[in-house]
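Below you'll find the structure, written out as structure tokens, and then a few comments.
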Amino acid sequence: MKYFNSIIIFLCILGAPLLNARLLVDQLGRDINIPDNPKRVIALAPSITEIIYAIGQEHRLVGVTQFSDYPPQASSLPKVGSYIHLDLERIIALKPDLCIAVKDGNPHEVALRVESFHIPLYAVDPRNLEAVMETIIEIGKLLNAQKEASILADTMKKRIQKITSKTQNIQKRPRVFFQIGISPIVSVGTHTFIHELIELSGGTNLTKGDVPYPRYTKEQVISLSPDVFIITSMARQTIFENVKKEWQQWQSIPAVRNDRIHLVNSNLFDRAAPRLVDGLELLLELIHPSIWKTVMEPTP
Amino acid sequence: MKTANNIWLRISGIAIITLITLIFTMVMGVSMGSSQKDLYAFVNAVRGNDPTLLSIIWQIRFPRVLLAAFVGATLSLGGLVFQALLRNPLAEPYILGISGGAAIGGIIGILINLSRFPGVCATAFIGSMATLALVFIFSSGQTALAKDSLLLSGVILNAFCAAVIMFLVSIVQDSRLHSIIFWLMGDLSHTDLKHVGYISILLIPCFLYIFTMSHPMNLLLMGKDLAHSMGIRVKATSITLLIVSSFMISVTVSYCGLIGFVGLVMPHLLRMLLGSDHRILVPSCVFAGGAYMVLCDLLARTLAKSGEMSVGVITAMIGAPLFIYLLKRSRT
């Protein structure tokens, strides 16, 4: 009897965490105990916030980071610092039962300290479009929204396929210079979302290479003579106008001659979120306007 | 005999007053933070009604406040010692090149992806010790000008280091740049009680040593010949003091980056208030310097609406105007 009791107690202790939690492996390969039905979730990057809204699970969100501005109602949620400089105290004070972090950006020390308060922290590390869709499925699993997540991922996949089916065998691939920094001039290397989007939309990224965000001098850009110039700017329209005016002095650049200098919203291109597909469609419009028309036409 | 008793009474009186100030600011420091500014909630948590806030207070705010106190104490004391030994009112704790060397070391540590503790702290410490050694080597052998050549070598090495820092910053192109910037601005946010423990083991003996040397420091201020005639080994004493204080400053700089102005403002403020007896100034620099830093850190944590400011920004923003005000007042 004595043994029986202790066996029961032992089993209870073993079973206790399993009753309302499950073990999942995050994208860094760590085992994380996740509550069955997370009710207080903190998204530690704007991209995570966008995904959670996109799968309709925003009622679980209790905290976001400073620049989480999409959808607009996300900006009214409590802030826990910016994603590179998290405010540990605010995170703990919000009593989350799950934090979703990004490996690239969130400081490792803060992540460890969040875990020291026994708050599960699930890390994602999407590096390309395919991985973003996987991440959406995983976050759907975390938040009991598998169905919404797979619908979203499927729609994204279909929109991407619609574009790639027209662009993958295209012969004439305009050479694109994608400028993400004004001063100094910064562009994008091979291991970025932007590179992937340029290539998928039938362009050639002039600045491919191992350096993720290479710097360029004006001289180098002019000698690259891009066909299309795309500038993302977190800054205002007036700054873009100035930059555009500066480039316009160089009529030898095809992009300048043909007036193909465009300003785009950087948030569509640097967040590992569903809106990357919007970014892809926008790039198609700017790089291959004629293909864009056929793709975006509603299919009968 | 009576005057001797009096001075010890005065030392302990002032030490106790500044210590109480420090304790008071530390309580203030743990009572508020970025998530809660309402004192009633703090009292409620201390009574045990809010376990989350209580764990925030003990695990996040308390180590940080303790660290701020140690950093403030070290920087103020460092400034005091340097101003006395170099007999230059502009001397600050970083004047012998410690900041530049530590920054280069720290940035290299961040660039090769070391963890913040102990990795980056170790490289920063090595950097600051290396520049310190260089300063001593450059200025040795010129006994007549020793004091000035120490200062000049320190200033020049810091300037050289600043150029190297700019170079390193300009070649970084990813998220590590943010870590570097936060490190350069002074950052107390990644604190752990264990780390504060390690740091205090290194710092407290330095504080005590400097306190035992406070009388010789008084004599040194009166001139080398007089100090010598009073039985002080001038050169040995000065060098040991410089090395001990540089060591403790390196320890704090390596852990929390560059925090400016504290070492300049606090010693001057206290000297104006309490006179120039180092037996009084050393303990009051430790306690009042700590209190000042705890307050600055509290402002850094609570002023910004979202996230937090860098404590180095606050110390400079308060320190510079305060210093000018003091300067004006002491002249009139």
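Convention: chains lettered A, B, ... in structure tokens order; per-chain residue numbering from 1; ligands numbered from 1 as shown.
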Using backbone DSSP assignments, extract all strand (DSSP E) residues from region 37-222 of chain A; output them as number ranges by chain.
A: 41-43, 61-63, 81-82, 85-86, 98-102, 121-124, 175-179, 185-186, 204-205, 215-216
Considering only C-alpha atoms, tabulate each residue of chain A that lies at most 8 Å from chain B along with its nearest interatomic pair and the corresponding distance in Å to one decimal; arrange the rows by chain and ascending residue number and present them as a Markdown table.
```
| residue | atom | partner | partner_atom | distance |
| --- | --- | --- | --- | --- |
| A:Gln66 | CA | B:Ser306 | CA | 7.1 |
| A:Lys79 | CA | B:Ser306 | CA | 6.4 |
| A:Val80 | CA | B:Gly307 | CA | 6.5 |
| A:Gly81 | CA | B:Gly307 | CA | 3.8 |
| A:Ser82 | CA | B:Gly307 | CA | 6.4 |
| A:Ile84 | CA | B:His178 | CA | 7.5 |
| A:His85 | CA | B:Gly307 | CA | 7.1 |
| A:Leu86 | CA | B:Gly307 | CA | 6.8 |
| A:Asp87 | CA | B:Gly307 | CA | 5.6 |
| A:Leu88 | CA | B:Ile60 | CA | 7.8 |
| A:Glu89 | CA | B:Ser35 | CA | 6.2 |
| A:Arg90 | CA | B:Ser35 | CA | 4.9 |
| A:Ile92 | CA | B:Ile56 | CA | 7.0 |
| A:Ala93 | CA | B:Ser35 | CA | 6.2 |
| A:Lys95 | CA | B:Thr52 | CA | 7.3 |
| A:Asp104 | CA | B:Ser175 | CA | 7.9 |
| A:Gly105 | CA | B:Ser175 | CA | 6.3 |
| A:Glu109 | CA | B:His190 | CA | 7.1 |
| A:Val110 | CA | B:His190 | CA | 7.4 |
| A:Tyr213 | CA | B:Gln173 | CA | 6.4 |
| A:Pro214 | CA | B:Gln173 | CA | 7.7 |
```
Can I get the selection written as an mmCIF file, in the first residue's frame, with N, CA and C atoms?
```
data_model
loop_
_atom_site.group_PDB
_atom_site.id
_atom_site.type_symbol
_atom_site.label_atom_id
_atom_site.label_comp_id
_atom_site.auth_asym_id
_atom_site.auth_seq_id
_atom_site.Cartn_x
_atom_site.Cartn_y
_atom_site.Cartn_z
ATOM 1 N N GLN A 66 8.591 47.518 -30.238
ATOM 2 C CA GLN A 66 8.388 48.932 -30.555
ATOM 3 C C GLN A 66 7.867 49.228 -31.966
ATOM 4 N N LYS A 79 4.174 47.700 -25.219
ATOM 5 C CA LYS A 79 5.472 47.497 -25.855
ATOM 6 C C LYS A 79 6.484 46.932 -24.860
ATOM 7 N N VAL A 80 7.341 46.038 -25.338
ATOM 8 C CA VAL A 80 8.389 45.489 -24.463
ATOM 9 C C VAL A 80 9.778 45.855 -24.989
ATOM 10 N N GLY A 81 9.947 47.097 -25.420
ATOM 11 C CA GLY A 81 11.229 47.523 -25.963
ATOM 12 C C GLY A 81 11.283 47.236 -27.452
ATOM 13 N N SER A 82 12.433 47.528 -28.081
ATOM 14 C CA SER A 82 12.550 47.211 -29.495
ATOM 15 C C SER A 82 13.133 45.814 -29.609
ATOM 16 N N ILE A 84 15.680 44.553 -30.886
ATOM 17 C CA ILE A 84 17.102 44.354 -30.605
ATOM 18 C C ILE A 84 17.454 44.776 -29.182
ATOM 19 N N HIS A 85 16.613 45.562 -28.551
ATOM 20 C CA HIS A 85 16.906 45.997 -27.184
ATOM 21 C C HIS A 85 15.655 45.759 -26.343
ATOM 22 N N LEU A 86 15.462 44.507 -25.969
ATOM 23 C CA LEU A 86 14.243 44.132 -25.251
ATOM 24 C C LEU A 86 14.295 44.604 -23.811
ATOM 25 N N ASP A 87 13.125 44.940 -23.285
ATOM 26 C CA ASP A 87 13.027 45.369 -21.898
ATOM 27 C C ASP A 87 12.530 44.181 -21.067
ATOM 28 N N LEU A 88 13.488 43.513 -20.425
ATOM 29 C CA LEU A 88 13.182 42.280 -19.692
ATOM 30 C C LEU A 88 12.079 42.493 -18.665
ATOM 31 N N GLU A 89 12.186 43.611 -17.940
ATOM 32 C CA GLU A 89 11.211 43.850 -16.866
ATOM 33 C C GLU A 89 9.784 43.911 -17.399
ATOM 34 N N ARG A 90 9.599 44.607 -18.529
ATOM 35 C CA ARG A 90 8.244 44.696 -19.079
ATOM 36 C C ARG A 90 7.751 43.339 -19.557
ATOM 37 N N ILE A 92 8.491 40.395 -18.268
ATOM 38 C CA ILE A 92 8.084 39.590 -17.109
ATOM 39 C C ILE A 92 6.789 40.139 -16.514
ATOM 40 N N ALA A 93 6.679 41.493 -16.460
ATOM 41 C CA ALA A 93 5.516 42.099 -15.822
ATOM 42 C C ALA A 93 4.223 41.771 -16.561
ATOM 43 N N LYS A 95 3.407 38.955 -17.560
ATOM 44 C CA LYS A 95 3.087 37.564 -17.215
ATOM 45 C C LYS A 95 2.731 36.725 -18.439
ATOM 46 N N ASP A 104 17.626 35.880 -35.179
ATOM 47 C CA ASP A 104 18.452 36.944 -35.733
ATOM 48 C C ASP A 104 17.907 38.292 -35.272
ATOM 49 N N GLY A 105 18.460 38.847 -34.210
ATOM 50 C CA GLY A 105 17.993 40.149 -33.751
ATOM 51 C C GLY A 105 17.775 40.183 -32.249
ATOM 52 N N GLU A 109 21.185 36.976 -24.532
ATOM 53 C CA GLU A 109 21.193 37.041 -23.060
ATOM 54 C C GLU A 109 19.786 37.255 -22.523
ATOM 55 N N VAL A 110 19.031 38.141 -23.195
ATOM 56 C CA VAL A 110 17.678 38.426 -22.710
ATOM 57 C C VAL A 110 16.812 37.174 -22.844
ATOM 58 N N TYR A 213 24.775 42.679 -46.404
ATOM 59 C CA TYR A 213 24.395 44.055 -46.719
ATOM 60 C C TYR A 213 25.623 44.837 -47.185
ATOM 61 N N PRO A 214 26.056 44.627 -48.433
ATOM 62 C CA PRO A 214 27.298 45.258 -48.906
ATOM 63 C C PRO A 214 27.135 46.761 -49.099
#
```
Could you pull the residues within 8 Å of Val102 (chain A), counting only C-alpha atoms, minus those fewer than 6 positions along the same chain, as an NGL selection string?
:A and (44-45 or 123-125)
Where in region 32-263 of chain A does DSSP assign alpha helix (DSSP H), given as a PyMOL selection string?
chain A and resi 46-54+88-93+108-116+129-142+146-167+193-200+218-224+237-248+254-257
Residues as selected, C-alpha atoms, written as an mmCIF file, in the first residue's frame, can you do that?
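File produced: part.cif:
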```
data_model
loop_
_atom_site.group_PDB
_atom_site.id
_atom_site.type_symbol
_atom_site.label_atom_id
_atom_site.label_comp_id
_atom_site.auth_asym_id
_atom_site.auth_seq_id
_atom_site.Cartn_x
_atom_site.Cartn_y
_atom_site.Cartn_z
ATOM 1 C CA PRO A 46 7.312 42.911 -35.669
ATOM 2 C CA SER A 47 7.308 39.954 -38.099
ATOM 3 C CA ILE A 48 5.922 37.607 -35.411
ATOM 4 C CA THR A 49 3.190 40.137 -34.603
ATOM 5 C CA GLU A 50 2.226 40.271 -38.288
ATOM 6 C CA ILE A 51 2.032 36.477 -38.509
ATOM 7 C CA ILE A 52 -0.108 36.230 -35.369
ATOM 8 C CA TYR A 53 -2.544 38.806 -36.739
ATOM 9 C CA ALA A 54 -2.563 37.132 -40.141
ATOM 10 C CA LEU A 88 13.182 42.280 -19.692
ATOM 11 C CA GLU A 89 11.211 43.850 -16.866
ATOM 12 C CA ARG A 90 8.244 44.696 -19.079
ATOM 13 C CA ILE A 91 8.257 41.212 -20.550
ATOM 14 C CA ILE A 92 8.084 39.590 -17.109
ATOM 15 C CA ALA A 93 5.516 42.099 -15.822
ATOM 16 C CA HIS A 108 20.605 35.912 -26.670
ATOM 17 C CA GLU A 109 21.193 37.041 -23.060
ATOM 18 C CA VAL A 110 17.678 38.426 -22.710
ATOM 19 C CA ALA A 111 16.212 35.222 -24.152
ATOM 20 C CA LEU A 112 18.093 33.199 -21.557
ATOM 21 C CA ARG A 113 16.876 35.448 -18.756
ATOM 22 C CA VAL A 114 13.275 35.207 -19.918
ATOM 23 C CA GLU A 115 13.650 31.436 -19.683
ATOM 24 C CA SER A 116 15.111 31.739 -16.191
ATOM 25 C CA LEU A 129 10.231 32.493 -48.199
ATOM 26 C CA GLU A 130 9.833 28.740 -47.830
ATOM 27 C CA ALA A 131 10.960 28.995 -44.192
ATOM 28 C CA VAL A 132 8.557 31.872 -43.563
ATOM 29 C CA MET A 133 5.690 29.636 -44.614
ATOM 30 C CA GLU A 134 6.984 26.850 -42.375
ATOM 31 C CA THR A 135 7.229 29.349 -39.546
ATOM 32 C CA ILE A 136 3.614 30.369 -40.083
ATOM 33 C CA ILE A 137 2.565 26.705 -39.855
ATOM 34 C CA GLU A 138 4.614 26.294 -36.655
ATOM 35 C CA ILE A 139 3.163 29.401 -35.032
ATOM 36 C CA GLY A 140 -0.274 28.099 -36.016
ATOM 37 C CA LYS A 141 0.572 24.878 -34.173
ATOM 38 C CA LEU A 142 1.723 26.826 -31.111
ATOM 39 C CA GLN A 146 -3.345 25.032 -37.593
ATOM 40 C CA LYS A 147 -6.198 25.499 -40.012
ATOM 41 C CA GLU A 148 -5.855 29.262 -40.379
ATOM 42 C CA ALA A 149 -2.087 28.908 -40.684
ATOM 43 C CA SER A 150 -2.215 26.301 -43.415
ATOM 44 C CA ILE A 151 -4.806 28.314 -45.361
ATOM 45 C CA LEU A 152 -2.536 31.358 -45.134
ATOM 46 C CA ALA A 153 0.553 29.386 -46.175
ATOM 47 C CA ASP A 154 -1.332 27.807 -49.077
ATOM 48 C CA THR A 155 -2.540 31.162 -50.344
ATOM 49 C CA MET A 156 0.987 32.536 -50.132
ATOM 50 C CA LYS A 157 2.324 29.509 -51.992
ATOM 51 C CA LYS A 158 -0.286 29.895 -54.744
ATOM 52 C CA ARG A 159 0.419 33.593 -55.191
ATOM 53 C CA ILE A 160 4.143 32.879 -55.393
ATOM 54 C CA GLN A 161 3.671 30.032 -57.879
ATOM 55 C CA LYS A 162 1.490 32.201 -60.074
ATOM 56 C CA ILE A 163 4.370 34.609 -60.399
ATOM 57 C CA THR A 164 7.208 32.130 -60.695
ATOM 58 C CA SER A 165 5.423 30.123 -63.355
ATOM 59 C CA LYS A 166 5.703 33.186 -65.583
ATOM 60 C CA THR A 167 9.121 34.389 -64.553
ATOM 61 C CA PHE A 193 14.720 38.080 -48.522
ATOM 62 C CA ILE A 194 15.116 40.920 -50.999
ATOM 63 C CA HIS A 195 17.557 38.961 -53.148
ATOM 64 C CA GLU A 196 15.148 36.033 -53.220
ATOM 65 C CA LEU A 197 12.223 38.286 -54.142
ATOM 66 C CA ILE A 198 14.174 40.006 -56.941
ATOM 67 C CA GLU A 199 15.169 36.677 -58.461
ATOM 68 C CA LEU A 200 11.648 35.211 -58.103
ATOM 69 C CA LYS A 218 28.454 56.102 -56.108
ATOM 70 C CA GLU A 219 31.148 55.256 -58.631
ATOM 71 C CA GLN A 220 30.520 51.533 -58.274
ATOM 72 C CA VAL A 221 26.775 51.942 -58.679
ATOM 73 C CA ILE A 222 27.186 53.989 -61.829
ATOM 74 C CA SER A 223 29.521 51.411 -63.332
ATOM 75 C CA LEU A 224 27.010 48.656 -62.519
ATOM 76 C CA GLN A 237 9.166 60.858 -49.431
ATOM 77 C CA THR A 238 11.211 64.088 -49.585
ATOM 78 C CA ILE A 239 14.434 62.242 -48.833
ATOM 79 C CA PHE A 240 13.641 59.805 -51.618
ATOM 80 C CA GLU A 241 12.995 62.697 -53.997
ATOM 81 C CA ASN A 242 16.424 64.097 -53.176
ATOM 82 C CA VAL A 243 18.130 60.759 -53.706
ATOM 83 C CA LYS A 244 16.270 60.293 -56.964
ATOM 84 C CA LYS A 245 17.318 63.749 -58.118
ATOM 85 C CA GLU A 246 20.924 62.933 -57.341
ATOM 86 C CA TRP A 247 20.839 59.760 -59.401
ATOM 87 C CA GLN A 248 19.130 61.611 -62.229
ATOM 88 C CA PRO A 254 19.600 52.867 -67.960
ATOM 89 C CA ALA A 255 17.318 53.055 -64.928
ATOM 90 C CA VAL A 256 17.693 56.833 -64.925
ATOM 91 C CA ARG A 257 17.211 57.181 -68.680
#
```
Give me, as a tab-separated table, the closest atom pair and its distance (Å, one decimal) for every residue of region 178-227 of chain B within a cut-off of 12 Å of region 287-293 of chain B, counting only C-alpha atoms, rows sorted by chain and rising number.
```
residue	atom	partner	partner_atom	distance
B:Gly186	CA	B:Met293	CA	11.9
B:Leu188	CA	B:Met293	CA	10.8
B:Phe207	CA	B:Phe287	CA	11.0
```
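Picture a line from CA of Asp187 (chain B) to CA of Cys256 (chain B); it runs 5.3 Å.
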At a cut-off of 10 Å, using only C-alpha atoms, what residues contact Trp183 (chain B)? Leave out same-chain residues fewer than 3 positions from it and give the result as a VMD selection string.
chain B and resid 103 106 to 107 110 177 to 180 186 to 188 253 to 259 310 312
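For the residues A:Val264, A:Ile185, A:Leu121, A:Leu283, ranking by smallest atom-to-atom distance to Ser201 (chain A) using only C-alpha atoms places A:Leu283 first.
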Which residues are close to Asn218 (chain B), i.e. within 8 Å by only C-alpha atoms, leaving aside same-chain residues fewer than 2 positions away? Reply as a ChimeraX atom specification.
/B:214-216,220-222,276-278
Just write the chosen residues, C-alpha atoms, as a PDB file, in the first residue's frame.
```
ATOM      1  CA  SER B 214      43.835  58.370   1.883  1.00  0.00           C
ATOM      2  CA  HIS B 215      46.192  60.001   4.373  1.00  0.00           C
ATOM      3  CA  PRO B 216      49.249  59.549   2.129  1.00  0.00           C
ATOM      4  CA  LEU B 220      51.093  63.907  -1.689  1.00  0.00           C
ATOM      5  CA  LEU B 221      48.790  66.776  -2.537  1.00  0.00           C
ATOM      6  CA  MET B 222      50.944  69.065  -0.410  1.00  0.00           C
ATOM      7  CA  SER B 276      39.854  68.267   0.496  1.00  0.00           C
ATOM      8  CA  ASP B 277      40.587  65.678   3.178  1.00  0.00           C
ATOM      9  CA  HIS B 278      40.777  62.343   1.359  1.00  0.00           C
TER      10      HIS B 278
END
```
Pick out the residues sitting within 12 Å of Ala163 (chain B), and hand them over as a PyMOL selection string; count only C-alpha atoms, and ignore anything fewer than 6 positions along from it in its own chain.
chain B and resi 100-101+103-104+156-157+169-170
Kindly save the residues from that selection, with N, CA and C atoms included, as a compact mmCIF listing (two decimals), in the first residue's frame.
```
# COMPACT_ATOMS: atom_id res chain seq x y z
N GLY B 100 39.44 53.70 -24.05
CA GLY B 100 39.70 53.35 -25.44
C GLY B 100 40.10 51.90 -25.58
N GLY B 101 41.02 51.47 -24.72
CA GLY B 101 41.49 50.08 -24.80
C GLY B 101 40.37 49.11 -24.53
N ALA B 103 37.22 49.62 -24.93
CA ALA B 103 36.25 49.64 -26.03
C ALA B 103 36.73 48.79 -27.19
N ILE B 104 38.02 48.94 -27.54
CA ILE B 104 38.53 48.12 -28.65
C ILE B 104 38.39 46.64 -28.31
N ILE B 156 46.63 60.75 -25.83
CA ILE B 156 46.94 60.37 -27.21
C ILE B 156 46.49 58.94 -27.50
N LEU B 157 46.73 58.04 -26.53
CA LEU B 157 46.32 56.66 -26.77
C LEU B 157 44.80 56.57 -26.92
N VAL B 169 33.73 50.08 -36.10
CA VAL B 169 32.29 50.31 -36.24
C VAL B 169 31.91 50.40 -37.72
N SER B 170 32.79 51.04 -38.51
CA SER B 170 32.42 51.26 -39.91
C SER B 170 32.48 49.99 -40.74
```
Write out as a list in words which residues come within 10 Å of region 228-243 of chain B when counting only C-alpha atoms, dropping same-chain ones fewer than 2 positions away.
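Once the adjacent positions are removed, what remains is Gly78, Val81, Phe82, Ala84, Leu85, Leu86, Leu96, Met129, Leu132, Ala133, Phe136, Thr143, Cys206, Tyr209, Ile210, Met213, Pro216, Met217, Leu219, Leu220, Gly223, Lys224, Asp225, Leu226, Ser245, Ser246, Phe247, Met248 and Ile249 of chain B.
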Gap from CA of Ser252 (chain A) to CA of Val228 (chain A) - Å, one decimal
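We find that CA of Ser252 (chain A) and CA of Val228 (chain A) lie 12.9 Å from each other.
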Can you work out which one of B:Ile318, B:Pro63, B:Phe160, B:Leu273 has the shortest atom-to-atom distance to Ser330 (chain B), counting only C-alpha atoms?
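The shortest atom-to-atom distance to Ser330 (chain B) comes from B:Leu273.
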